[in-house]
>>> print(open('coords_24.pdb').read())   # PDB, C-alpha atoms, pLDDT in the B column
ATOM      1  CA  MET A   1     153.913-114.561 -72.143  1.00 82.00           C
ATOM      2  CA  ASP A   2     153.846-111.424 -69.995  1.00 88.00           C
ATOM      3  CA  ARG A   3     150.978-109.037 -70.785  1.00 92.00           C
ATOM      4  CA  PHE A   4     150.390-105.521 -69.427  1.00 94.00           C
ATOM      5  CA  ILE A   5     147.474-103.372 -70.611  1.00 94.00           C
ATOM      6  CA  TYR A   6     147.033 -99.820 -69.297  1.00 94.00           C
ATOM      7  CA  LYS A   7     144.023 -97.542 -69.844  1.00 94.00           C
ATOM      8  CA  LYS A   8     143.003 -94.293 -68.173  1.00 93.00           C
ATOM      9  CA  SER A   9     139.624 -92.644 -67.520  1.00 93.00           C
ATOM     10  CA  ALA A  10     138.106 -90.330 -64.893  1.00 92.00           C
ATOM     11  CA  GLY A  11     141.619 -89.607 -63.621  1.00 93.00           C
ATOM     12  CA  VAL A  12     142.201 -93.282 -62.752  1.00 96.00           C
ATOM     13  CA  THR A  13     144.701 -95.580 -64.493  1.00 95.00           C
ATOM     14  CA  ALA A  14     143.701 -99.247 -64.767  1.00 97.00           C
ATOM     15  CA  LEU A  15     146.136-102.095 -65.370  1.00 96.00           C
ATOM     16  CA  SER A  16     145.324-105.622 -66.488  1.00 97.00           C
ATOM     17  CA  ALA A  17     148.385-107.843 -66.077  1.00 96.00           C
ATOM     18  CA  SER A  18     149.314-111.452 -66.687  1.00 95.00           C
ATOM     19  CA  ILE A  19     152.835-112.446 -65.645  1.00 94.00           C
ATOM     20  CA  PRO A  20     154.375-115.927 -65.807  1.00 90.00           C
ATOM     21  CA  ASP A  21     157.873-114.923 -64.682  1.00 87.00           C
ATOM     22  CA  PHE A  22     158.246-111.122 -64.745  1.00 91.00           C
ATOM     23  CA  THR A  23     159.602-109.479 -61.572  1.00 92.00           C
ATOM     24  CA  TYR A  24     158.983-105.832 -60.664  1.00 93.00           C
ATOM     25  CA  LYS A  25     161.989-103.976 -59.353  1.00 90.00           C
ATOM     26  CA  LYS A  26     161.502-102.344 -55.949  1.00 90.00           C
ATOM     27  CA  HIS A  27     159.647 -99.082 -56.536  1.00 91.00           C
ATOM     28  CA  SER A  28     156.837 -96.862 -55.296  1.00 90.00           C
ATOM     29  CA  HIS A  29     153.992 -94.841 -56.816  1.00 91.00           C
ATOM     30  CA  LYS A  30     152.734 -91.409 -55.878  1.00 91.00           C
ATOM     31  CA  GLU A  31     149.176 -92.745 -56.285  1.00 93.00           C
ATOM     32  CA  TYR A  32     147.132 -95.141 -54.209  1.00 93.00           C
ATOM     33  CA  ALA A  33     147.251 -98.588 -55.834  1.00 95.00           C
ATOM     34  CA  ILE A  34     144.211-100.816 -55.293  1.00 96.00           C
ATOM     35  CA  GLY A  35     143.950-104.193 -57.002  1.00 96.00           C
ATOM     36  CA  VAL A  36     142.571-107.717 -57.072  1.00 98.00           C
ATOM     37  CA  THR A  37     144.419-110.999 -57.617  1.00 97.00           C
ATOM     38  CA  LEU A  38     142.418-112.920 -60.223  1.00 97.00           C
ATOM     39  CA  ARG A  39     144.552-116.056 -60.586  1.00 97.00           C
ATOM     40  CA  GLY A  40     147.652-117.378 -58.871  1.00 96.00           C
ATOM     41  CA  ILE A  41     149.399-115.795 -55.896  1.00 96.00           C
ATOM     42  CA  GLN A  42     150.815-112.254 -55.874  1.00 96.00           C
ATOM     43  CA  HIS A  43     154.150-112.299 -54.011  1.00 96.00           C
ATOM     44  CA  TYR A  44     155.700-109.029 -52.866  1.00 95.00           C
ATOM     45  CA  ASN A  45     157.686-107.387 -50.091  1.00 94.00           C
ATOM     46  CA  LEU A  46     156.091-104.366 -48.434  1.00 91.00           C
ATOM     47  CA  ASP A  47     157.506-102.397 -45.486  1.00 82.00           C
ATOM     48  CA  GLY A  48     160.012-105.152 -44.816  1.00 79.00           C
ATOM     49  CA  SER A  49     157.551-108.052 -44.720  1.00 88.00           C
ATOM     50  CA  LEU A  50     156.483-110.651 -47.264  1.00 94.00           C
ATOM     51  CA  GLN A  51     152.896-110.410 -48.507  1.00 96.00           C
ATOM     52  CA  LEU A  52     150.979-113.113 -50.380  1.00 96.00           C
ATOM     53  CA  SER A  53     147.710-112.181 -52.088  1.00 97.00           C
ATOM     54  CA  TYR A  54     145.716-115.267 -53.059  1.00 96.00           C
ATOM     55  CA  GLN A  55     142.830-115.389 -55.529  1.00 96.00           C
ATOM     56  CA  ASN A  56     140.246-112.655 -54.776  1.00 96.00           C
ATOM     57  CA  GLY A  57     142.660-110.889 -52.445  1.00 96.00           C
ATOM     58  CA  VAL A  58     142.307-107.092 -52.477  1.00 96.00           C
ATOM     59  CA  MET A  59     145.734-105.414 -52.420  1.00 96.00           C
ATOM     60  CA  LEU A  60     146.024-101.926 -50.919  1.00 94.00           C
ATOM     61  CA  PHE A  61     149.130 -99.769 -51.401  1.00 94.00           C
ATOM     62  CA  ASN A  62     149.544 -96.320 -49.885  1.00 91.00           C
ATOM     63  CA  PRO A  63     151.253 -93.558 -51.895  1.00 91.00           C
ATOM     64  CA  GLU A  64     155.048 -93.864 -51.940  1.00 89.00           C
ATOM     65  CA  GLN A  65     154.954 -97.263 -50.253  1.00 91.00           C
ATOM     66  CA  ALA A  66     157.943 -99.174 -51.638  1.00 91.00           C
ATOM     67  CA  HIS A  67     157.335-102.694 -52.947  1.00 93.00           C
ATOM     68  CA  ASP A  68     158.413-105.218 -55.545  1.00 94.00           C
ATOM     69  CA  GLY A  69     156.216-107.921 -57.102  1.00 94.00           C
ATOM     70  CA  MET A  70     156.146-111.286 -58.854  1.00 94.00           C
ATOM     71  CA  ALA A  71     154.186-114.506 -59.269  1.00 94.00           C
ATOM     72  CA  HIS A  72     154.665-116.786 -56.263  1.00 93.00           C
ATOM     73  CA  ASP A  73     155.254-119.906 -58.361  1.00 92.00           C
ATOM     74  CA  GLU A  74     155.457-121.232 -61.917  1.00 90.00           C
ATOM     75  CA  THR A  75     151.680-121.183 -62.413  1.00 92.00           C
ATOM     76  CA  GLY A  76     151.906-117.423 -62.981  1.00 94.00           C
ATOM     77  CA  LEU A  77     149.641-114.576 -61.983  1.00 96.00           C
ATOM     78  CA  ASP A  78     146.711-112.531 -63.327  1.00 97.00           C
ATOM     79  CA  TYR A  79     145.552-109.365 -61.611  1.00 97.00           C
ATOM     80  CA  VAL A  80     144.040-105.912 -62.088  1.00 98.00           C
ATOM     81  CA  MET A  81     145.192-102.699 -60.432  1.00 97.00           C
ATOM     82  CA  LEU A  82     143.788 -99.181 -60.144  1.00 97.00           C
ATOM     83  CA  TYR A  83     146.076 -96.173 -59.596  1.00 96.00           C
ATOM     84  CA  ILE A  84     144.260 -93.227 -57.977  1.00 95.00           C
ATOM     85  CA  GLU A  85     145.801 -89.809 -57.279  1.00 93.00           C
ATOM     86  CA  PRO A  86     145.675 -88.879 -53.562  1.00 90.00           C
ATOM     87  CA  GLN A  87     143.787 -85.637 -54.245  1.00 90.00           C
ATOM     88  CA  LEU A  88     141.172 -87.480 -56.300  1.00 92.00           C
ATOM     89  CA  LEU A  89     140.614 -90.001 -53.509  1.00 89.00           C
ATOM     90  CA  LEU A  90     140.264 -87.184 -50.972  1.00 86.00           C
ATOM     91  CA  GLU A  91     137.641 -85.479 -53.136  1.00 88.00           C
ATOM     92  CA  ALA A  92     135.704 -88.696 -53.651  1.00 87.00           C
ATOM     93  CA  THR A  93     135.772 -89.682 -49.962  1.00 83.00           C
ATOM     94  CA  ARG A  94     135.284 -86.098 -48.665  1.00 81.00           C
ATOM     95  CA  GLN A  95     138.202 -86.585 -46.279  1.00 75.00           C
ATOM     96  CA  LYS A  96     140.350 -83.636 -45.178  1.00 73.00           C
ATOM     97  CA  ASP A  97     143.589 -85.443 -44.436  1.00 73.00           C
ATOM     98  CA  ILE A  98     145.559 -87.966 -46.447  1.00 73.00           C
ATOM     99  CA  ILE A  99     144.292 -91.418 -45.509  1.00 79.00           C
ATOM    100  CA  ARG A 100     146.401 -94.536 -45.200  1.00 83.00           C
ATOM    101  CA  PHE A 101     145.301 -98.135 -45.542  1.00 86.00           C
ATOM    102  CA  SER A 102     146.075 -99.999 -42.344  1.00 82.00           C
ATOM    103  CA  ALA A 103     145.916-103.494 -43.920  1.00 88.00           C
ATOM    104  CA  PRO A 104     147.898-104.448 -47.051  1.00 92.00           C
ATOM    105  CA  ILE A 105     145.558-107.291 -48.128  1.00 94.00           C
ATOM    106  CA  VAL A 106     141.893-107.912 -47.343  1.00 92.00           C
ATOM    107  CA  TYR A 107     139.255-110.339 -48.573  1.00 94.00           C
ATOM    108  CA  ASP A 108     136.036-108.395 -49.039  1.00 92.00           C
ATOM    109  CA  ASP A 109     133.550-109.453 -51.739  1.00 94.00           C
ATOM    110  CA  ARG A 110     131.836-106.087 -52.151  1.00 93.00           C
ATOM    111  CA  LEU A 111     135.100-104.157 -52.330  1.00 94.00           C
ATOM    112  CA  GLN A 112     136.511-106.698 -54.777  1.00 96.00           C
ATOM    113  CA  GLN A 113     133.481-106.398 -57.072  1.00 97.00           C
ATOM    114  CA  ARG A 114     133.640-102.608 -57.091  1.00 96.00           C
ATOM    115  CA  ILE A 115     137.326-102.666 -58.003  1.00 97.00           C
ATOM    116  CA  LEU A 116     136.578-105.101 -60.828  1.00 98.00           C
ATOM    117  CA  SER A 117     133.619-103.047 -62.051  1.00 97.00           C
ATOM    118  CA  LEU A 118     135.697 -99.872 -62.306  1.00 97.00           C
ATOM    119  CA  SER A 119     138.738-101.573 -63.834  1.00 97.00           C
ATOM    120  CA  ASN A 120     136.573-103.370 -66.421  1.00 97.00           C
ATOM    121  CA  ALA A 121     134.832-100.106 -67.343  1.00 97.00           C
ATOM    122  CA  ILE A 122     138.140 -98.278 -67.823  1.00 97.00           C
ATOM    123  CA  LEU A 123     139.825-101.112 -69.712  1.00 96.00           C
ATOM    124  CA  SER A 124     136.827-101.535 -72.046  1.00 96.00           C
ATOM    125  CA  GLU A 125     136.725 -97.741 -72.582  1.00 95.00           C
ATOM    126  CA  LYS A 126     133.219 -97.133 -71.224  1.00 95.00           C
ATOM    127  CA  ASP A 127     131.908 -93.570 -70.880  1.00 95.00           C
ATOM    128  CA  GLU A 128     133.837 -91.407 -68.408  1.00 94.00           C
ATOM    129  CA  ALA A 129     130.576 -90.529 -66.630  1.00 95.00           C
ATOM    130  CA  LEU A 130     130.066 -94.200 -65.789  1.00 96.00           C
ATOM    131  CA  CYS A 131     133.672 -94.510 -64.605  1.00 95.00           C
ATOM    132  CA  ASN A 132     133.164 -91.541 -62.270  1.00 95.00           C
ATOM    133  CA  GLU A 133     130.073 -93.179 -60.759  1.00 95.00           C
ATOM    134  CA  LEU A 134     131.909 -96.475 -60.281  1.00 96.00           C
ATOM    135  CA  LEU A 135     134.830 -94.641 -58.671  1.00 95.00           C
ATOM    136  CA  LEU A 136     132.461 -93.055 -56.171  1.00 93.00           C
ATOM    137  CA  SER A 137     130.975 -96.469 -55.326  1.00 93.00           C
ATOM    138  CA  LEU A 138     134.464 -97.862 -54.820  1.00 93.00           C
ATOM    139  CA  THR A 139     135.546 -95.061 -52.488  1.00 90.00           C
ATOM    140  CA  ASP A 140     132.322 -95.475 -50.493  1.00 87.00           C
ATOM    141  CA  SER A 141     133.252 -99.126 -49.979  1.00 88.00           C
ATOM    142  CA  LEU A 142     136.737 -98.166 -48.821  1.00 84.00           C
ATOM    143  CA  ILE A 143     135.312 -95.901 -46.136  1.00 79.00           C
ATOM    144  CA  GLN A 144     132.494 -98.236 -45.096  1.00 73.00           C
ATOM    145  CA  THR A 145     134.862-101.137 -44.545  1.00 67.00           C
ATOM    146  CA  ASN A 146     137.097 -98.970 -42.307  1.00 55.00           C
ATOM    147  CA  LEU A 147     140.197 -99.594 -44.379  1.00 59.00           C
ATOM    148  CA  SER A 148     141.366 -95.995 -44.200  1.00 54.00           C
ATOM    149  CA  THR A 149     141.805 -95.371 -40.510  1.00 48.00           C
ATOM    150  CA  GLU A 150     145.545 -94.891 -40.079  1.00 52.00           C
ATOM    151  CA  ASN A 151     147.018 -91.388 -40.326  1.00 53.00           C
ATOM    152  CA  ARG A 152     150.755 -90.722 -40.343  1.00 56.00           C
ATOM    153  CA  LYS A 153     152.641 -87.446 -40.582  1.00 59.00           C
ATOM    154  CA  ASP A 154     155.677 -87.059 -42.815  1.00 68.00           C
ATOM    155  CA  ASN A 155     159.118 -86.472 -41.403  1.00 84.00           C
ATOM    156  CA  PRO A 156     159.894 -82.809 -42.287  1.00 89.00           C
ATOM    157  CA  LEU A 157     163.471 -83.584 -43.387  1.00 91.00           C
ATOM    158  CA  ILE A 158     162.302 -86.379 -45.672  1.00 91.00           C
ATOM    159  CA  ARG A 159     159.558 -84.175 -47.123  1.00 90.00           C
ATOM    160  CA  LYS A 160     162.095 -81.428 -47.833  1.00 92.00           C
ATOM    161  CA  ALA A 161     164.452 -83.938 -49.453  1.00 93.00           C
ATOM    162  CA  LYS A 162     161.634 -85.276 -51.649  1.00 91.00           C
ATOM    163  CA  ASP A 163     160.734 -81.739 -52.723  1.00 91.00           C
ATOM    164  CA  MET A 164     164.355 -81.115 -53.723  1.00 91.00           C
ATOM    165  CA  LEU A 165     164.500 -84.388 -55.639  1.00 90.00           C
ATOM    166  CA  HIS A 166     161.317 -83.525 -57.534  1.00 88.00           C
ATOM    167  CA  THR A 167     162.676 -80.150 -58.643  1.00 86.00           C
ATOM    168  CA  ASN A 168     165.745 -81.703 -60.316  1.00 83.00           C
ATOM    169  CA  LEU A 169     164.267 -84.530 -62.390  1.00 85.00           C
ATOM    170  CA  GLN A 170     165.949 -83.327 -65.591  1.00 83.00           C
ATOM    171  CA  SER A 171     169.448 -83.798 -64.171  1.00 81.00           C
ATOM    172  CA  VAL A 172     171.434 -86.302 -62.111  1.00 80.00           C
ATOM    173  CA  LEU A 173     170.880 -86.834 -58.396  1.00 83.00           C
ATOM    174  CA  LYS A 174     172.653 -84.036 -56.485  1.00 84.00           C
ATOM    175  CA  LEU A 175     173.144 -85.810 -53.183  1.00 88.00           C
ATOM    176  CA  GLU A 176     175.698 -83.325 -51.849  1.00 90.00           C
ATOM    177  CA  GLU A 177     173.341 -80.353 -52.293  1.00 91.00           C
ATOM    178  CA  ILE A 178     170.512 -82.132 -50.462  1.00 92.00           C
ATOM    179  CA  CYS A 179     172.763 -83.206 -47.590  1.00 93.00           C
ATOM    180  CA  LYS A 180     174.151 -79.683 -47.241  1.00 92.00           C
ATOM    181  CA  GLU A 181     170.607 -78.254 -47.109  1.00 92.00           C
ATOM    182  CA  LEU A 182     169.543 -80.804 -44.480  1.00 93.00           C
ATOM    183  CA  ASP A 183     172.823 -80.538 -42.536  1.00 94.00           C
ATOM    184  CA  LEU A 184     173.404 -84.277 -42.705  1.00 92.00           C
ATOM    185  CA  SER A 185     176.272 -86.404 -43.942  1.00 92.00           C
ATOM    186  CA  LYS A 186     175.631 -88.528 -47.047  1.00 91.00           C
ATOM    187  CA  PHE A 187     175.488 -91.702 -44.990  1.00 91.00           C
ATOM    188  CA  GLN A 188     173.165 -90.174 -42.378  1.00 93.00           C
ATOM    189  CA  PHE A 189     170.829 -89.006 -45.134  1.00 93.00           C
ATOM    190  CA  ILE A 190     170.778 -92.324 -47.013  1.00 93.00           C
ATOM    191  CA  ARG A 191     170.022 -94.253 -43.804  1.00 92.00           C
ATOM    192  CA  LEU A 192     167.305 -91.789 -42.724  1.00 93.00           C
ATOM    193  CA  PHE A 193     165.669 -91.714 -46.155  1.00 92.00           C
ATOM    194  CA  LYS A 194     165.613 -95.493 -46.482  1.00 90.00           C
ATOM    195  CA  ALA A 195     164.283 -95.922 -42.938  1.00 89.00           C
ATOM    196  CA  HIS A 196     161.308 -93.651 -43.710  1.00 88.00           C
ATOM    197  CA  THR A 197     160.568 -94.668 -47.298  1.00 88.00           C
ATOM    198  CA  GLY A 198     161.826 -98.249 -47.617  1.00 87.00           C
ATOM    199  CA  ILE A 199     163.828 -97.237 -50.680  1.00 88.00           C
ATOM    200  CA  SER A 200     167.158 -95.518 -51.344  1.00 90.00           C
ATOM    201  CA  PRO A 201     167.318 -91.847 -52.405  1.00 92.00           C
ATOM    202  CA  TYR A 202     168.728 -92.864 -55.796  1.00 91.00           C
ATOM    203  CA  GLN A 203     165.961 -95.407 -56.474  1.00 90.00           C
ATOM    204  CA  TYR A 204     163.320 -92.914 -55.318  1.00 91.00           C
ATOM    205  CA  PHE A 205     164.799 -90.257 -57.627  1.00 92.00           C
ATOM    206  CA  LEU A 206     164.857 -92.706 -60.550  1.00 92.00           C
ATOM    207  CA  ASN A 207     161.251 -93.733 -59.853  1.00 91.00           C
ATOM    208  CA  CYS A 208     160.220 -90.066 -59.885  1.00 91.00           C
ATOM    209  CA  LYS A 209     161.897 -89.581 -63.267  1.00 92.00           C
ATOM    210  CA  ILE A 210     160.108 -92.649 -64.651  1.00 94.00           C
ATOM    211  CA  GLU A 211     156.759 -91.529 -63.242  1.00 92.00           C
ATOM    212  CA  HIS A 212     157.215 -88.017 -64.637  1.00 93.00           C
ATOM    213  CA  ALA A 213     158.049 -89.484 -68.046  1.00 94.00           C
ATOM    214  CA  LYS A 214     154.821 -91.512 -67.877  1.00 92.00           C
ATOM    215  CA  GLN A 215     152.802 -88.350 -67.122  1.00 90.00           C
ATOM    216  CA  LEU A 216     154.425 -86.500 -70.025  1.00 92.00           C
ATOM    217  CA  ILE A 217     153.715 -89.393 -72.400  1.00 93.00           C
ATOM    218  CA  GLU A 218     150.061 -89.361 -71.332  1.00 90.00           C
ATOM    219  CA  LYS A 219     149.836 -85.585 -71.733  1.00 90.00           C
ATOM    220  CA  ASN A 220     151.808 -84.966 -74.933  1.00 90.00           C
ATOM    221  CA  ARG A 221     151.766 -88.371 -76.675  1.00 91.00           C
ATOM    222  CA  ASP A 222     155.434 -87.657 -77.498  1.00 91.00           C
ATOM    223  CA  ILE A 223     157.859 -90.198 -76.155  1.00 92.00           C
ATOM    224  CA  TYR A 224     161.034 -88.411 -77.279  1.00 93.00           C
ATOM    225  CA  SER A 225     160.201 -85.173 -75.478  1.00 92.00           C
ATOM    226  CA  ALA A 226     159.729 -87.282 -72.315  1.00 92.00           C
ATOM    227  CA  VAL A 227     163.205 -88.781 -72.838  1.00 93.00           C
ATOM    228  CA  ALA A 228     164.746 -85.318 -73.129  1.00 91.00           C
ATOM    229  CA  GLU A 229     162.766 -83.593 -70.376  1.00 90.00           C
ATOM    230  CA  CYS A 230     163.423 -86.322 -67.821  1.00 91.00           C
ATOM    231  CA  GLY A 231     167.146 -86.554 -68.520  1.00 88.00           C
ATOM    232  CA  PHE A 232     167.324 -90.075 -69.959  1.00 91.00           C
ATOM    233  CA  VAL A 233     170.213 -90.808 -72.323  1.00 89.00           C
ATOM    234  CA  ASP A 234     167.960 -92.178 -75.062  1.00 92.00           C
ATOM    235  CA  LEU A 235     164.725 -94.121 -75.617  1.00 93.00           C
ATOM    236  CA  THR A 236     166.425 -97.438 -74.817  1.00 94.00           C
ATOM    237  CA  HIS A 237     167.506 -96.025 -71.450  1.00 93.00           C
ATOM    238  CA  LEU A 238     163.951 -94.890 -70.641  1.00 93.00           C
ATOM    239  CA  ASN A 239     162.403 -98.146 -71.906  1.00 94.00           C
ATOM    240  CA  ARG A 240     164.642-100.275 -69.681  1.00 93.00           C
ATOM    241  CA  HIS A 241     163.808 -98.383 -66.505  1.00 93.00           C
ATOM    242  CA  PHE A 242     160.129 -97.932 -67.436  1.00 94.00           C
ATOM    243  CA  LYS A 243     159.696-101.690 -67.869  1.00 93.00           C
ATOM    244  CA  SER A 244     161.200-102.428 -64.434  1.00 92.00           C
ATOM    245  CA  VAL A 245     158.398-100.402 -62.794  1.00 92.00           C
ATOM    246  CA  TYR A 246     155.416-100.750 -65.158  1.00 92.00           C
ATOM    247  CA  GLY A 247     156.070-104.128 -66.757  1.00 91.00           C
ATOM    248  CA  THR A 248     156.006-102.658 -70.269  1.00 92.00           C
ATOM    249  CA  THR A 249     158.271-100.296 -72.186  1.00 93.00           C
ATOM    250  CA  ALA A 250     157.463 -96.605 -72.543  1.00 92.00           C
ATOM    251  CA  PHE A 251     157.070 -97.188 -76.292  1.00 91.00           C
ATOM    252  CA  ASP A 252     154.463 -99.939 -75.757  1.00 90.00           C
ATOM    253  CA  TYR A 253     152.716 -97.870 -73.096  1.00 90.00           C
ATOM    254  CA  LEU A 254     152.295 -95.043 -75.614  1.00 88.00           C
ATOM    255  CA  SER A 255     150.907 -97.462 -78.209  1.00 85.00           C
ATOM    256  CA  HIS A 256     148.185 -98.527 -75.726  1.00 78.00           C
ATOM    257  CA  LEU A 257     147.175 -94.890 -75.235  1.00 72.00           C
ATOM    258  CA  ASN A 258     146.766 -94.169 -78.949  1.00 60.00           C
TER     259      ASN A 258
END
>>> encode(input="coords_24.pdb", output="structure tokens")
Amino acid sequence: MDRFIYKKSAGVTALSASIPDFTYKKHSHKEYAIGVTLRGIQHYNLDGSLQLSYQNGVMLFNPEQAHDGMAHDETGLDYVMLYIEPQLLLEATRQKDIIRFSAPIVYDDRLQQRILSLSNAILSEKDEALCNELLLSLTDSLIQTNLSTENRKDNPLIRKAKDMLHTNLQSVLKLEEICKELDLSKFQFIRLFKAHTGISPYQYFLNCKIEHAKQLIEKNRDIYSAVAECGFVDLTHLNRHFKSVYGTTAFDYLSHLN
């Protein structure tokens, strides 16, 4: 049976997941995602190439890096994942510019143990002070192992399009307005956006709505206000899309927080 447990502390969200046959829809996160495969093989497509994370593999996702995910075979998959806001990682690492992981999967015992220590502390609801210390140890390991060496600048048109998408999360996707502002045809824009992000404008917009709903649920503990504010038809509509990205419904996610 699929199992997804989310907890949050020190600004970091931890996920403990066990999936026999669940498949994540292609999506991206605004956070860094850093995890460890505990059992089985994690199978996912990232930047157009297949990735396989075997037991003890450390998975490294950059912000807004589109991917899907599933167990590689019928034996299923257990893993943990940490979601860390870019600004929080910058503060912890004392870096000035947004860093990007240059390798999607590494096998590093010290890094693996520090990810597990922090995820276990968050999931078992240890003191936030301890979680902060463990986060600092983890970010030190990331820097020391030279995983964060690749810098890449955003395309200005794509950044502007993303900003416009983020300001209209309560409504439907207004593709014509964005294209007019960027002076591109709809087909030019869709191709350009997908080439730079690995995901279509519509799917990116939907992911942003889902992610914003998650933030509102965490902040207000009110699932119905999240439905209304993010422009979903009803709770069933939100739950369906939420599950495709987070493995659990918005309703169940809220129950884990309380």
>>> residues_near_point(input="coords_24.pdb", point="(150.0, -102.3, -68.6)", cutoff="7 Å", atoms="only C-alpha atoms", output="PyMOL selection string")
chain A and resi 4-6+15-17+246-248+253
>>> residues_around(input="coords_24.pdb", residues="range 210-219 of chain A", least_positions_apart="5", cutoff="10 Å", atoms="all atoms listed in the file", output="PDB file with C-alpha atoms, keeping the file's coordinate frame")
ATOM      1  CA  LYS A   8     143.003 -94.293 -68.173  1.00 93.00           C
ATOM      2  CA  SER A  28     156.837 -96.862 -55.296  1.00 90.00           C
ATOM      3  CA  HIS A  29     153.992 -94.841 -56.816  1.00 91.00           C
ATOM      4  CA  LYS A  30     152.734 -91.409 -55.878  1.00 91.00           C
ATOM      5  CA  HIS A 166     161.317 -83.525 -57.534  1.00 88.00           C
ATOM      6  CA  LEU A 169     164.267 -84.530 -62.390  1.00 85.00           C
ATOM      7  CA  GLN A 170     165.949 -83.327 -65.591  1.00 83.00           C
ATOM      8  CA  TYR A 204     163.320 -92.914 -55.318  1.00 91.00           C
ATOM      9  CA  PHE A 205     164.799 -90.257 -57.627  1.00 92.00           C
ATOM     10  CA  TYR A 224     161.034 -88.411 -77.279  1.00 93.00           C
ATOM     11  CA  SER A 225     160.201 -85.173 -75.478  1.00 92.00           C
ATOM     12  CA  ALA A 226     159.729 -87.282 -72.315  1.00 92.00           C
ATOM     13  CA  VAL A 227     163.205 -88.781 -72.838  1.00 93.00           C
ATOM     14  CA  ALA A 228     164.746 -85.318 -73.129  1.00 91.00           C
ATOM     15  CA  GLU A 229     162.766 -83.593 -70.376  1.00 90.00           C
ATOM     16  CA  CYS A 230     163.423 -86.322 -67.821  1.00 91.00           C
ATOM     17  CA  GLY A 231     167.146 -86.554 -68.520  1.00 88.00           C
ATOM     18  CA  PHE A 232     167.324 -90.075 -69.959  1.00 91.00           C
ATOM     19  CA  LEU A 238     163.951 -94.890 -70.641  1.00 93.00           C
ATOM     20  CA  ASN A 239     162.403 -98.146 -71.906  1.00 94.00           C
ATOM     21  CA  HIS A 241     163.808 -98.383 -66.505  1.00 93.00           C
ATOM     22  CA  PHE A 242     160.129 -97.932 -67.436  1.00 94.00           C
ATOM     23  CA  LYS A 243     159.696-101.690 -67.869  1.00 93.00           C
ATOM     24  CA  SER A 244     161.200-102.428 -64.434  1.00 92.00           C
ATOM     25  CA  VAL A 245     158.398-100.402 -62.794  1.00 92.00           C
ATOM     26  CA  TYR A 246     155.416-100.750 -65.158  1.00 92.00           C
ATOM     27  CA  ALA A 250     157.463 -96.605 -72.543  1.00 92.00           C
ATOM     28  CA  PHE A 251     157.070 -97.188 -76.292  1.00 91.00           C
ATOM     29  CA  TYR A 253     152.716 -97.870 -73.096  1.00 90.00           C
ATOM     30  CA  LEU A 254     152.295 -95.043 -75.614  1.00 88.00           C
ATOM     31  CA  LEU A 257     147.175 -94.890 -75.235  1.00 72.00           C
ATOM     32  CA  ASN A 258     146.766 -94.169 -78.949  1.00 60.00           C
TER      33      ASN A 258
END
>>> resolve_selection(input="coords_24.pdb", expression="the PyMOL selection byres ((chain A and resi 175) around 10)", output="VMD selection string")
chain A and resid 161 164 to 165 172 to 174 176 to 180 185 to 186 189 to 190 201 to 202
>>> resolve_selection(input="coords_24.pdb", expression="the PyMOL selection byres ((chain A and resi 83-93) around 12)", output="ChimeraX atom specification")
/A:6-16,28-35,59-64,80-82,94-100,115,118-119,122,132-144,148,246
>>> atom_distance(input="coords_24.pdb", atom1="CA of Leu116 in chain A", atom2="CA of Gln55 in chain A")
13.2 Å
>>> closest_residue(input="coords_24.pdb", among="A:Tyr54, A:Phe193, A:Tyr44, A:Phe187", to="Val106 in chain A", atoms="all atoms listed in the file")
A:Tyr54
>>> atom_distance(input="coords_24.pdb", atom1="CA of Ser200 in chain A", atom2="CA of His237 in chain A")
20.1 Å
>>> axis_aligned_box(input="coords_24.pdb", around="range 75-87 of chain A", padding_each_side="3 Å", output="JSON")
{"center_x": 147.8, "center_y": -103.4, "center_z": -58.4, "size_x": 14.1, "size_y": 41.5, "size_z": 15.8}
>>> atom_distance(input="coords_24.pdb", atom1="CA of Tyr24 in chain A", atom2="CA of Asn56 in chain A")
20.8 Å
